>>> print(open('query-v4.pdb').read())   # PDB, C-alpha atoms and all ligand atoms
ATOM      1  CA  MET A 127     107.249  90.593  84.857  1.00  0.00           C
ATOM      2  CA  ALA A 128     106.438  94.151  83.760  1.00  0.00           C
ATOM      3  CA  TYR A 129     102.938  95.541  84.347  1.00  0.00           C
ATOM      4  CA  ASP A 130     100.746  94.779  81.325  1.00  0.00           C
ATOM      5  CA  PRO A 131      98.550  97.835  80.647  1.00  0.00           C
ATOM      6  CA  ASP A 132      96.157  95.587  78.710  1.00  0.00           C
ATOM      7  CA  ASN A 133      95.277  93.332  81.656  1.00  0.00           C
ATOM      8  CA  ILE A 134      91.525  93.007  82.213  1.00  0.00           C
ATOM      9  CA  PHE A 135      91.400  95.256  85.302  1.00  0.00           C
ATOM     10  CA  ALA A 136      93.370  98.005  83.523  1.00  0.00           C
ATOM     11  CA  LYS A 137      90.718  97.816  80.779  1.00  0.00           C
ATOM     12  CA  ILE A 138      87.953  98.046  83.403  1.00  0.00           C
ATOM     13  CA  LEU A 139      89.670 101.100  84.937  1.00  0.00           C
ATOM     14  CA  ARG A 140      89.822 102.766  81.503  1.00  0.00           C
ATOM     15  CA  GLY A 141      86.144 101.928  80.890  1.00  0.00           C
ATOM     16  CA  GLU A 142      87.024  99.745  77.902  1.00  0.00           C
ATOM     17  CA  ILE A 143      85.124  96.776  79.314  1.00  0.00           C
ATOM     18  CA  PRO A 144      82.140  96.932  81.665  1.00  0.00           C
ATOM     19  CA  CYS A 145      81.952  95.963  85.318  1.00  0.00           C
ATOM     20  CA  VAL A 146      79.216  95.946  87.944  1.00  0.00           C
ATOM     21  CA  LYS A 147      80.543  98.783  90.052  1.00  0.00           C
ATOM     22  CA  VAL A 148      80.063  98.970  93.820  1.00  0.00           C
ATOM     23  CA  TYR A 149      82.227 101.962  94.751  1.00  0.00           C
ATOM     24  CA  GLU A 150      84.780 104.331  93.247  1.00  0.00           C
ATOM     25  CA  ASP A 151      86.954 107.120  94.589  1.00  0.00           C
ATOM     26  CA  ALA A 152      90.045 108.954  93.332  1.00  0.00           C
ATOM     27  CA  LYS A 153      92.401 106.076  94.121  1.00  0.00           C
ATOM     28  CA  THR A 154      90.344 102.861  94.119  1.00  0.00           C
ATOM     29  CA  LEU A 155      87.526 100.952  92.440  1.00  0.00           C
ATOM     30  CA  ALA A 156      85.359  98.110  93.807  1.00  0.00           C
ATOM     31  CA  PHE A 157      83.262  95.865  91.565  1.00  0.00           C
ATOM     32  CA  MET A 158      81.626  92.449  91.496  1.00  0.00           C
ATOM     33  CA  ASP A 159      83.707  89.411  90.511  1.00  0.00           C
ATOM     34  CA  VAL A 160      82.160  87.862  87.354  1.00  0.00           C
ATOM     35  CA  MET A 161      83.210  84.387  88.460  1.00  0.00           C
ATOM     36  CA  PRO A 162      82.086  84.604  92.098  1.00  0.00           C
ATOM     37  CA  GLN A 163      83.267  82.009  94.572  1.00  0.00           C
ATOM     38  CA  ALA A 164      80.223  82.927  96.676  1.00  0.00           C
ATOM     39  CA  SER A 165      77.318  85.338  96.260  1.00  0.00           C
ATOM     40  CA  GLY A 166      78.592  88.865  96.947  1.00  0.00           C
ATOM     41  CA  HIS A 167      82.224  88.178  95.914  1.00  0.00           C
ATOM     42  CA  THR A 168      83.642  91.671  95.411  1.00  0.00           C
ATOM     43  CA  LEU A 169      87.033  92.890  94.162  1.00  0.00           C
ATOM     44  CA  VAL A 170      88.889  96.029  95.273  1.00  0.00           C
ATOM     45  CA  ILE A 171      91.642  97.470  93.098  1.00  0.00           C
ATOM     46  CA  PRO A 172      93.859 100.535  93.325  1.00  0.00           C
ATOM     47  CA  LYS A 173      93.893 102.823  90.290  1.00  0.00           C
ATOM     48  CA  GLU A 174      97.674 102.796  90.450  1.00  0.00           C
ATOM     49  CA  ALA A 175      99.234 100.457  87.868  1.00  0.00           C
ATOM     50  CA  ALA A 176     100.807  97.741  90.034  1.00  0.00           C
ATOM     51  CA  GLU A 177     100.994  94.046  89.267  1.00  0.00           C
ATOM     52  CA  ASN A 178     101.025  92.828  92.848  1.00  0.00           C
ATOM     53  CA  ILE A 179     101.230  94.041  96.432  1.00  0.00           C
ATOM     54  CA  LEU A 180     105.040  94.236  96.294  1.00  0.00           C
ATOM     55  CA  ASP A 181     104.925  96.747  93.429  1.00  0.00           C
ATOM     56  CA  LEU A 182     102.252  99.000  94.945  1.00  0.00           C
ATOM     57  CA  SER A 183     103.273 102.305  96.554  1.00  0.00           C
ATOM     58  CA  ALA A 184     102.611 102.747 100.267  1.00  0.00           C
ATOM     59  CA  GLU A 185     100.011 105.364  99.385  1.00  0.00           C
ATOM     60  CA  GLY A 186      98.275 102.979  96.965  1.00  0.00           C
ATOM     61  CA  LEU A 187      98.360 100.246  99.590  1.00  0.00           C
ATOM     62  CA  VAL A 188      96.736 102.470 102.211  1.00  0.00           C
ATOM     63  CA  ALA A 189      94.012 103.450  99.737  1.00  0.00           C
ATOM     64  CA  MET A 190      93.367  99.830  98.703  1.00  0.00           C
ATOM     65  CA  MET A 191      93.167  98.635 102.297  1.00  0.00           C
ATOM     66  CA  ALA A 192      90.908 101.491 103.396  1.00  0.00           C
ATOM     67  CA  THR A 193      88.518 100.722 100.536  1.00  0.00           C
ATOM     68  CA  THR A 194      88.717  96.982 101.242  1.00  0.00           C
ATOM     69  CA  GLN A 195      87.617  97.577 104.836  1.00  0.00           C
ATOM     70  CA  LYS A 196      84.888  99.997 103.704  1.00  0.00           C
ATOM     71  CA  ILE A 197      83.489  97.464 101.218  1.00  0.00           C
ATOM     72  CA  ALA A 198      83.809  94.562 103.672  1.00  0.00           C
ATOM     73  CA  LYS A 199      81.724  96.560 106.173  1.00  0.00           C
ATOM     74  CA  ALA A 200      79.115  97.244 103.474  1.00  0.00           C
ATOM     75  CA  VAL A 201      79.059  93.552 102.463  1.00  0.00           C
ATOM     76  CA  LYS A 202      78.478  92.621 106.109  1.00  0.00           C
ATOM     77  CA  LYS A 203      75.729  95.192 106.541  1.00  0.00           C
ATOM     78  CA  GLY A 204      74.106  94.686 103.131  1.00  0.00           C
ATOM     79  CA  LEU A 205      74.318  90.914 102.721  1.00  0.00           C
ATOM     80  CA  ALA A 206      74.643  89.700 106.334  1.00  0.00           C
ATOM     81  CA  PRO A 207      76.968  86.746 105.616  1.00  0.00           C
ATOM     82  CA  ASP A 208      78.026  84.472 108.476  1.00  0.00           C
ATOM     83  CA  GLY A 209      81.644  85.507 107.819  1.00  0.00           C
ATOM     84  CA  MET A 210      83.966  86.906 105.180  1.00  0.00           C
ATOM     85  CA  VAL A 211      87.293  85.858 103.708  1.00  0.00           C
ATOM     86  CA  LEU A 212      89.677  88.494 102.342  1.00  0.00           C
ATOM     87  CA  THR A 213      92.320  87.144  99.964  1.00  0.00           C
ATOM     88  CA  GLN A 214      95.082  88.622  97.830  1.00  0.00           C
ATOM     89  CA  PHE A 215      97.353  86.553  95.547  1.00  0.00           C
ATOM     90  CA  ASN A 216     100.829  87.475  94.307  1.00  0.00           C
ATOM     91  CA  GLY A 217     102.158  85.596  91.267  1.00  0.00           C
ATOM     92  CA  PRO A 218     100.830  82.650  89.262  1.00  0.00           C
ATOM     93  CA  ALA A 219     102.189  80.126  91.771  1.00  0.00           C
ATOM     94  CA  ALA A 220     100.035  81.771  94.437  1.00  0.00           C
ATOM     95  CA  GLY A 221      96.934  81.614  92.235  1.00  0.00           C
ATOM     96  CA  GLN A 222      96.981  85.134  90.773  1.00  0.00           C
ATOM     97  CA  THR A 223      95.318  85.183  87.360  1.00  0.00           C
ATOM     98  CA  VAL A 224      94.824  88.924  86.749  1.00  0.00           C
ATOM     99  CA  PHE A 225      98.032  90.901  87.054  1.00  0.00           C
ATOM    100  CA  HIS A 226      96.723  94.132  88.563  1.00  0.00           C
ATOM    101  CA  VAL A 227      96.840  93.959  92.356  1.00  0.00           C
ATOM    102  CA  HIS A 228      93.458  93.358  94.018  1.00  0.00           C
ATOM    103  CA  PHE A 229      91.742  92.152  97.168  1.00  0.00           C
ATOM    104  CA  HIS A 230      88.935  89.608  97.117  1.00  0.00           C
ATOM    105  CA  ILE A 231      86.087  90.033  99.602  1.00  0.00           C
ATOM    106  CA  ILE A 232      84.262  86.698  99.732  1.00  0.00           C
ATOM    107  CA  PRO A 233      81.193  86.263 101.942  1.00  0.00           C
ATOM    108  CA  ARG A 234      80.941  82.888 103.678  1.00  0.00           C
ATOM    109  CA  THR A 235      77.859  81.006 104.782  1.00  0.00           C
ATOM    110  CA  ASP A 236      78.077  78.374 107.519  1.00  0.00           C
ATOM    111  CA  GLY A 237      78.413  74.953 105.922  1.00  0.00           C
ATOM    112  CA  ALA A 238      78.427  76.204 102.309  1.00  0.00           C
ATOM    113  CA  PRO A 239      81.526  75.347 100.260  1.00  0.00           C
ATOM    114  CA  LEU A 240      83.255  77.969  98.116  1.00  0.00           C
ATOM    115  CA  ALA A 241      82.936  77.675  94.331  1.00  0.00           C
ATOM    116  CA  PRO A 242      86.297  77.130  92.595  1.00  0.00           C
ATOM    117  CA  HIS A 243      88.441  80.209  91.974  1.00  0.00           C
ATOM    118  CA  GLY A 244      87.762  81.967  88.634  1.00  0.00           C
ATOM    119  CA  ARG A 245      85.931  79.015  87.104  1.00  0.00           C
ATOM    120  CA  SER A 246      82.326  79.781  86.130  1.00  0.00           C
ATOM    121  CA  MET A 247      81.137  83.105  84.799  1.00  0.00           C
ATOM    122  CA  VAL A 248      77.708  84.418  85.810  1.00  0.00           C
ATOM    123  CA  ASP A 249      75.434  86.799  83.952  1.00  0.00           C
ATOM    124  CA  ALA A 250      76.365  90.388  84.873  1.00  0.00           C
ATOM    125  CA  ALA A 251      72.636  91.166  85.271  1.00  0.00           C
ATOM    126  CA  SER A 252      72.440  88.695  88.165  1.00  0.00           C
ATOM    127  CA  LEU A 253      75.192  90.615  89.990  1.00  0.00           C
ATOM    128  CA  GLU A 254      73.423  93.982  89.851  1.00  0.00           C
ATOM    129  CA  PRO A 255      70.867  93.372  92.664  1.00  0.00           C
ATOM    130  CA  ILE A 256      73.661  92.086  94.925  1.00  0.00           C
ATOM    131  CA  ALA A 257      75.811  95.136  94.118  1.00  0.00           C
ATOM    132  CA  ALA A 258      72.809  97.375  94.848  1.00  0.00           C
ATOM    133  CA  LYS A 259      72.512  95.895  98.364  1.00  0.00           C
ATOM    134  CA  ILE A 260      76.233  96.516  98.998  1.00  0.00           C
ATOM    135  CA  ARG A 261      76.038 100.074  97.598  1.00  0.00           C
ATOM    136  CA  SER A 262      73.033 100.872  99.754  1.00  0.00           C
ATOM    137  CA  ALA A 263      74.991  99.751 102.843  1.00  0.00           C
ATOM    138  CA  LEU A 264      77.970 102.030 102.121  1.00  0.00           C
TER     139      LEU A 264
HETATM  140  P1  LIG A 301      93.173  86.426  90.955  1.00  0.00           P
HETATM  141  O1  LIG A 301      93.154  84.998  90.471  1.00  0.00           O
HETATM  142  O2  LIG A 301      94.086  87.234  90.076  1.00  0.00           O
HETATM  143  O3  LIG A 301      93.420  86.596  92.412  1.00  0.00           O
HETATM  144  O4  LIG A 301      91.701  86.946  90.777  1.00  0.00           O
HETATM  145  C1  LIG A 301      91.201  87.482  89.609  1.00  0.00           C
HETATM  146  C2  LIG A 301      89.695  87.517  89.769  1.00  0.00           C
HETATM  147  O5  LIG A 301      89.188  88.311  88.723  1.00  0.00           O
HETATM  148  C3  LIG A 301      89.018  86.140  89.668  1.00  0.00           C
HETATM  149  O6  LIG A 301      88.288  85.899  90.850  1.00  0.00           O
HETATM  150  C4  LIG A 301      88.137  86.262  88.433  1.00  0.00           C
HETATM  151  O7  LIG A 301      86.911  85.621  88.615  1.00  0.00           O
HETATM  152  C5  LIG A 301      87.979  87.755  88.275  1.00  0.00           C
HETATM  153  N1  LIG A 301      87.812  88.210  86.911  1.00  0.00           N
HETATM  154  C6  LIG A 301      88.491  87.765  85.818  1.00  0.00           C
HETATM  155  N2  LIG A 301      88.086  88.441  84.716  1.00  0.00           N
HETATM  156  C7  LIG A 301      87.143  89.323  85.131  1.00  0.00           C
HETATM  157  C8  LIG A 301      86.372  90.294  84.448  1.00  0.00           C
HETATM  158  O8  LIG A 301      86.443  90.490  83.244  1.00  0.00           O
HETATM  159  N3  LIG A 301      85.502  91.035  85.197  1.00  0.00           N
HETATM  160  C9  LIG A 301      85.373  90.839  86.552  1.00  0.00           C
HETATM  161  N4  LIG A 301      84.488  91.612  87.177  1.00  0.00           N
HETATM  162  N5  LIG A 301      86.092  89.925  87.226  1.00  0.00           N
HETATM  163  C10 LIG A 301      86.965  89.183  86.527  1.00  0.00           C
END
>>> encode(input="query-v4.pdb", output="structure tokens")
Amino acid sequence: MAYDPDNIFAKILRGEIPCVKVYEDAKTLAFMDVMPQASGHTLVIPKEAAENILDLSAEGLVAMMATTQKIAKAVKKGLAPDGMVLTQFNGPAAGQTVFHVHFHIIPRTDGAPLAPHGRSMVDAASLEPIAAKIRSAL
């Protein structure tokens, strides 16, 4: 499947649709997931146009992973979850629904189940105070 330049994350990167931003540098962007599986669910994407991890350049991969670790540290410091799951899906059969490569950072709380993947959208305004705590921990 060829990279679709009109996928939702490509539109976020071009500023055509809004996101609750946590961090941005020359090669990556991190923002809140609008259908969080847990409070603080954050996404990290490379700016490079790549559908999945197999298509991403080594340089893009290094940038994405460095930002993923940076944001995971800020989530830990800012939100103090009991743990964190990092996930990354390649292809519809694996559960990928947005075809621009990304990492999920999902805080976990002891005993609390995860909400289903990409199911219920929250109000963007409710994500802003959570993003502010992550940003302040960067
Ligand atoms: P995937 O299923 O591809 O691994 O994950 C895509 C993620 O993107 C899902 O967790 C979904 O909730 C999230 N998502 C889908 N559309 C939007 C959107 O318009 N804005 C944001 N911030 N997240 C989105």
>>> atom_distance(input="query-v4.pdb", atom1="CA of Gly217 in chain A", atom2="CA of Ile134 in chain A")
15.8 Å
>>> residues_near_ligand(input="query-v4.pdb", ligand="ligand LIG 301 (chain A)", cutoff="9 Å", atoms="only C-alpha atoms and all ligand atoms", output="PyMOL selection string")
chain A and resi 134-135+137-138+143-147+157-163+167-169+213-218+220-230+243-247+250
>>> resolve_selection(input="query-v4.pdb", expression="the PyMOL selection byres (((chain A and resi 207) around 10) and not hetatm)", output="PyMOL selection string")
chain A and resi 165-166+201-206+208-210+232-236
>>> atom_distance(input="query-v4.pdb", atom1="CA of Pro239 in chain A", atom2="CA of Val211 in chain A")
12.5 Å
>>> resolve_selection(input="query-v4.pdb", expression="the PyMOL selection byres (((chain A and resi 197) around 10) and not hetatm)", output="PDB file with C-alpha atoms, in the coordinates of the input")
ATOM      1  CA  VAL A 148      80.063  98.970  93.820  1.00  0.00           C
ATOM      2  CA  TYR A 149      82.227 101.962  94.751  1.00  0.00           C
ATOM      3  CA  ALA A 156      85.359  98.110  93.807  1.00  0.00           C
ATOM      4  CA  PHE A 157      83.262  95.865  91.565  1.00  0.00           C
ATOM      5  CA  THR A 168      83.642  91.671  95.411  1.00  0.00           C
ATOM      6  CA  LEU A 169      87.033  92.890  94.162  1.00  0.00           C
ATOM      7  CA  VAL A 170      88.889  96.029  95.273  1.00  0.00           C
ATOM      8  CA  MET A 191      93.167  98.635 102.297  1.00  0.00           C
ATOM      9  CA  ALA A 192      90.908 101.491 103.396  1.00  0.00           C
ATOM     10  CA  THR A 193      88.518 100.722 100.536  1.00  0.00           C
ATOM     11  CA  THR A 194      88.717  96.982 101.242  1.00  0.00           C
ATOM     12  CA  GLN A 195      87.617  97.577 104.836  1.00  0.00           C
ATOM     13  CA  LYS A 196      84.888  99.997 103.704  1.00  0.00           C
ATOM     14  CA  ALA A 198      83.809  94.562 103.672  1.00  0.00           C
ATOM     15  CA  LYS A 199      81.724  96.560 106.173  1.00  0.00           C
ATOM     16  CA  ALA A 200      79.115  97.244 103.474  1.00  0.00           C
ATOM     17  CA  VAL A 201      79.059  93.552 102.463  1.00  0.00           C
ATOM     18  CA  LYS A 202      78.478  92.621 106.109  1.00  0.00           C
ATOM     19  CA  LYS A 203      75.729  95.192 106.541  1.00  0.00           C
ATOM     20  CA  GLY A 204      74.106  94.686 103.131  1.00  0.00           C
ATOM     21  CA  ILE A 231      86.087  90.033  99.602  1.00  0.00           C
ATOM     22  CA  ILE A 260      76.233  96.516  98.998  1.00  0.00           C
ATOM     23  CA  ARG A 261      76.038 100.074  97.598  1.00  0.00           C
ATOM     24  CA  ALA A 263      74.991  99.751 102.843  1.00  0.00           C
ATOM     25  CA  LEU A 264      77.970 102.030 102.121  1.00  0.00           C
TER      26      LEU A 264
END
>>> residues_around(input="query-v4.pdb", residues="Ala184 in chain A", least_positions_apart="6", cutoff="12 Å", atoms="all atoms listed in the file", output="ChimeraX atom specification")
/A:172,174,176,190-191
>>> closest_residue(input="query-v4.pdb", among="A:Ala164, A:Leu139, A:Tyr129, A:Ile171", to="Val248 in chain A", atoms="all atoms listed in the file")
A:Ala164
>>> residues_around(input="query-v4.pdb", residues="Arg140 in chain A", least_positions_apart="6", cutoff="12 Å", atoms="only C-alpha atoms", output="tab-separated table (two decimals) with C-alpha atoms, keeping the file's coordinate frame")
chain	number	residue	atom	x	y	z
A	131	PRO	CA	98.55	97.84	80.65
A	132	ASP	CA	96.16	95.59	78.71
A	133	ASN	CA	95.28	93.33	81.66
A	134	ILE	CA	91.52	93.01	82.21
A	155	LEU	CA	87.53	100.95	92.44
A	173	LYS	CA	93.89	102.82	90.29
A	174	GLU	CA	97.67	102.80	90.45
A	175	ALA	CA	99.23	100.46	87.87
>>> axis_aligned_box(input="query-v4.pdb", around="range 152-167 of chain A", padding_each_side="3 Å", output="AutoDock Vina command-line options")
--center_x 84.9 --center_y 95.5 --center_z 92.2 --size_x 21.1 --size_y 32.9 --size_z 15.6
>>> atom_distance(input="query-v4.pdb", atom1="CA of Ser252 in chain A", atom2="CA of Leu240 in chain A")
18.2 Å
